[in-house]
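For reference, protein.txt (compact mmCIF, C-alpha atoms):
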```
# COMPACT_ATOMS: atom_id res chain seq x y z
CA MET A 425 27.50 -112.51 21.33
CA GLY A 426 28.58 -108.89 20.84
CA LYS A 427 27.73 -106.12 18.48
CA PRO A 428 28.53 -106.54 14.81
CA SER A 429 31.54 -104.50 13.78
CA ARG A 430 30.82 -101.24 12.02
CA GLU A 431 32.09 -100.56 8.52
CA ARG A 432 35.19 -98.38 8.42
CA SER A 433 34.29 -94.86 7.32
CA LEU A 434 37.82 -93.96 6.16
CA PRO A 435 39.71 -95.39 3.19
CA ASP A 436 42.43 -97.99 3.76
CA ASN A 437 45.23 -95.43 3.47
CA ALA A 438 43.93 -93.09 6.20
CA ALA A 439 43.74 -92.91 9.99
CA LYS A 440 42.22 -90.41 12.39
CA ALA A 441 42.39 -89.13 15.94
CA VAL A 442 39.99 -86.93 17.88
CA SER A 443 40.76 -84.68 20.85
CA ARG A 444 37.69 -83.67 22.79
CA SER A 445 37.05 -81.13 25.56
CA LEU A 446 39.87 -78.76 24.65
CA ARG A 447 39.49 -75.58 26.71
CA VAL A 448 39.66 -73.07 23.87
CA SER A 449 37.11 -71.49 21.58
CA PRO A 450 36.56 -73.20 18.22
CA GLN A 451 37.54 -70.02 16.39
CA LYS A 452 40.98 -69.95 18.02
CA LEU A 453 41.45 -73.68 17.52
CA ASN A 454 40.60 -73.34 13.84
CA LEU A 455 43.52 -70.93 13.39
CA VAL A 456 45.88 -73.69 14.53
CA ALA A 457 44.08 -76.36 12.48
CA SER A 458 44.36 -74.29 9.30
CA MET A 459 48.09 -74.00 9.96
CA ILE A 460 48.61 -77.77 9.47
CA ARG A 461 46.06 -78.70 6.80
CA GLY A 462 47.62 -80.28 3.72
CA LYS A 463 51.14 -80.43 5.15
CA SER A 464 53.30 -83.49 5.63
CA VAL A 465 53.23 -84.84 9.17
CA ASP A 466 56.87 -83.92 9.84
CA LYS A 467 56.33 -80.31 8.76
CA ALA A 468 53.03 -80.06 10.68
CA LEU A 469 54.62 -81.35 13.90
CA ALA A 470 57.52 -78.92 13.53
CA ASP A 471 55.13 -76.00 12.99
CA LEU A 472 53.09 -76.97 16.03
CA GLU A 473 56.20 -77.43 18.17
CA PHE A 474 57.34 -73.86 17.60
CA SER A 475 53.93 -72.19 17.44
CA ARG A 476 53.24 -69.47 19.99
CA LYS A 477 49.59 -70.52 20.39
CA ARG A 478 48.82 -72.20 23.73
CA ILE A 479 46.57 -74.86 22.21
CA ALA A 480 49.20 -75.95 19.65
CA GLN A 481 50.66 -78.53 22.07
CA ASP A 482 47.28 -80.28 22.41
CA VAL A 483 46.86 -80.28 18.63
CA ARG A 484 50.37 -81.71 18.33
CA LYS A 485 49.38 -84.58 20.65
CA CYS A 486 46.34 -85.25 18.46
CA VAL A 487 48.47 -85.35 15.29
CA MET A 488 50.93 -87.71 16.98
CA SER A 489 48.03 -89.93 18.03
CA ALA A 490 46.75 -90.05 14.45
CA VAL A 491 50.24 -91.03 13.27
CA ALA A 492 50.41 -93.76 15.91
CA ASN A 493 46.99 -95.04 14.84
CA ALA A 494 48.13 -95.12 11.22
CA GLU A 495 51.32 -97.00 12.08
CA ASN A 496 50.00 -99.49 14.63
CA ASN A 497 46.41 -100.12 13.56
CA HIS A 498 46.61 -99.75 9.78
CA GLN A 499 50.30 -100.51 8.99
CA LEU A 500 50.87 -97.27 7.05
CA ASP A 501 54.29 -95.80 6.34
CA VAL A 502 54.93 -92.89 8.72
CA ASN A 503 57.28 -91.09 6.30
CA GLN A 504 54.56 -90.76 3.65
CA LEU A 505 51.76 -89.41 5.85
CA VAL A 506 50.07 -86.08 5.13
CA VAL A 507 47.50 -84.24 7.26
CA SER A 508 44.64 -84.46 4.78
CA GLU A 509 41.92 -83.05 7.04
CA ALA A 510 41.86 -81.14 10.32
CA TYR A 511 38.49 -79.83 11.33
CA VAL A 512 37.11 -78.26 14.49
CA GLY A 513 33.81 -78.72 16.26
CA LYS A 514 32.01 -77.14 19.18
CA ASN A 515 31.70 -78.83 22.53
CA LEU A 516 30.05 -77.77 25.77
CA VAL A 517 30.03 -74.17 27.00
CA LEU A 518 30.31 -73.37 30.70
CA LYS A 519 28.29 -70.33 31.69
CA ARG A 520 29.59 -68.27 34.56
CA PHE A 521 28.84 -64.79 35.82
CA HIS A 522 31.03 -61.77 36.36
CA ALA A 523 30.04 -59.28 39.03
CA ARG A 524 29.65 -55.75 37.66
CA GLY A 525 28.92 -52.39 39.20
CA ARG A 526 25.62 -51.46 40.90
CA GLY A 527 24.86 -55.07 41.83
CA ARG A 528 24.54 -56.24 38.27
CA ALA A 529 26.02 -59.34 36.67
CA SER A 530 27.12 -60.25 33.16
CA THR A 531 27.61 -63.69 31.72
CA VAL A 532 31.00 -65.16 30.89
CA PHE A 533 31.10 -68.02 28.39
CA LYS A 534 33.89 -70.57 28.72
CA PRO A 535 33.73 -72.60 25.51
CA PHE A 536 35.22 -76.02 24.88
CA SER A 537 35.93 -77.47 21.45
CA GLN A 538 37.20 -80.61 19.75
CA ILE A 539 39.52 -81.31 16.83
CA THR A 540 39.58 -84.22 14.41
CA VAL A 541 42.80 -84.92 12.51
CA ILE A 542 42.85 -87.32 9.55
CA VAL A 543 46.21 -88.39 8.14
CA LYS A 544 46.51 -90.05 4.77
CA GLU A 545 49.35 -92.00 3.19
CA VAL A 546 50.30 -90.54 -0.19
CA ASP A 547 52.72 -91.75 -2.82
CA PRO A 548 55.78 -89.45 -2.88
CA ASP A 549 55.68 -89.16 -6.70
CA VAL A 550 52.07 -87.94 -6.66
CA ALA A 551 52.79 -85.50 -3.82
CA ALA A 552 55.74 -84.02 -5.73
CA GLU A 553 53.59 -83.49 -8.83
CA GLU A 554 50.87 -81.74 -6.81
CA THR A 555 53.35 -79.36 -5.17
CA THR A 556 54.87 -78.42 -8.52
CA LYS A 557 51.39 -77.71 -9.92
CA LYS A 558 50.56 -75.50 -6.92
CA ALA A 559 53.86 -73.65 -7.27
CA ALA A 560 53.22 -73.07 -10.98
CA LYS A 561 49.77 -71.62 -10.23
CA LYS A 562 51.21 -69.25 -7.64
CA ALA A 563 54.05 -68.13 -9.92
CA ALA A 564 51.84 -67.38 -12.94
CA PRO A 565 50.16 -63.99 -12.52
CA ALA A 566 46.44 -63.86 -13.11
CA LYS A 567 45.41 -62.11 -16.32
CA LYS A 568 43.18 -59.11 -15.93
CA PRO A 569 40.19 -58.90 -18.24
CA ALA A 570 40.47 -56.16 -20.83
CA THR A 571 38.50 -53.09 -19.87
CA PRO A 572 37.13 -50.80 -22.55
CA LYS A 573 38.69 -47.37 -22.61
CA GLU A 574 36.55 -44.58 -21.35
CA SER A 575 35.54 -42.10 -24.01
CA GLU A 576 35.96 -38.48 -23.09
```

Let's see the structure in the file written out as structure tokens.
Amino acid sequence: MGKPSRERSLPDNAAKAVSRSLRVSPQKLNLVASMIRGKSVDKALADLEFSRKRIAQDVRKCVMSAVANAENNHQLDVNQLVVSEAYVGKNLVLKRFHARGRGRASTVFKPFSQITVIVKEVDPDVAAEETTKKAAKKAAPAKKPATPKESE
């Protein structure tokens, strides 16, 4: 007599992983998360492997965990996975003090954060169409609105 199982919040073609208590500020972690959003899993893992950010290795572990969840728990094809979402949240903040001159003290905040990575299985034909559309948008220059000539 256990709890009833909760409805799955993700669609059938998605899996997620969460890394909590990462010792980095959410702002710095978001720089790494924005680096992998929307990329295929292979490309995202390669970018994280060679990133110079310290926290990139922990984010890489989280992405690999999401891939493992997709493969083992939901029977998704690993070669067709894309990082659909990567978002960052705040966690606890340790408050410490730093001794200053004249007997004073100032506070030092040591923030923790968490990252949630959601990978989604996409059809390769649909992914190819989306990338060609994005490339066409980038290649076409934006038209400037006509400005009336100034009368002298």

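In this structure, CA of Ala492 (chain A) sits 14.8 Å away from CA of Ser464 (chain A).
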
What's the 12 Å shell around Leu516 (chain A), counting all atoms listed in the file, without same-chain residues fewer than 3 positions away, as a list in words? Arg444, Ser445, Leu446, Arg447, Val448, Ser449, Pro450, Gly513, Lys519, Phe533, Lys534, Pro535, Phe536, Ser537 and Gln538 of chain A

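Counting all atoms listed in the file and comparing A:Gln481, A:Val517, A:Ser458, A:Ala494, the residue that lies closest to Ala438 (chain A) is A:Ala494.
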
Would you compute, for all listed atoms of region 535-538 of chain A, the axis-aligned bounding box grown by 8 Å on each side, and then report its centre and edge lengths in Å rounded to one decimal, as JSON?
```
{"center_x": 35.5, "center_y": -76.6, "center_z": 22.6, "size_x": 19.5, "size_y": 24.0, "size_z": 21.8}
```

Please list as a PyMOL selection string every residue within 10 Å of region 476-478 of chain A, counting all atoms listed in the file and excluding residues in the same chain fewer than 2 positions away. chain A and resi 448+452-453+455-456+471-474+480-483

Report as a PyMOL selection string all protein, DNA and RNA residues lying within 12 Å of region 489-491 of chain A, evaluated on only C-alpha atoms, omitting residues in the same chain fewer than 3 positions from it. chain A and resi 437-443+464-466+468-469+482-486+494-510+539-545

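The spacing separating CA of Arg461 (chain A) from CA of Leu434 (chain A) amounts to 17.4 Å.
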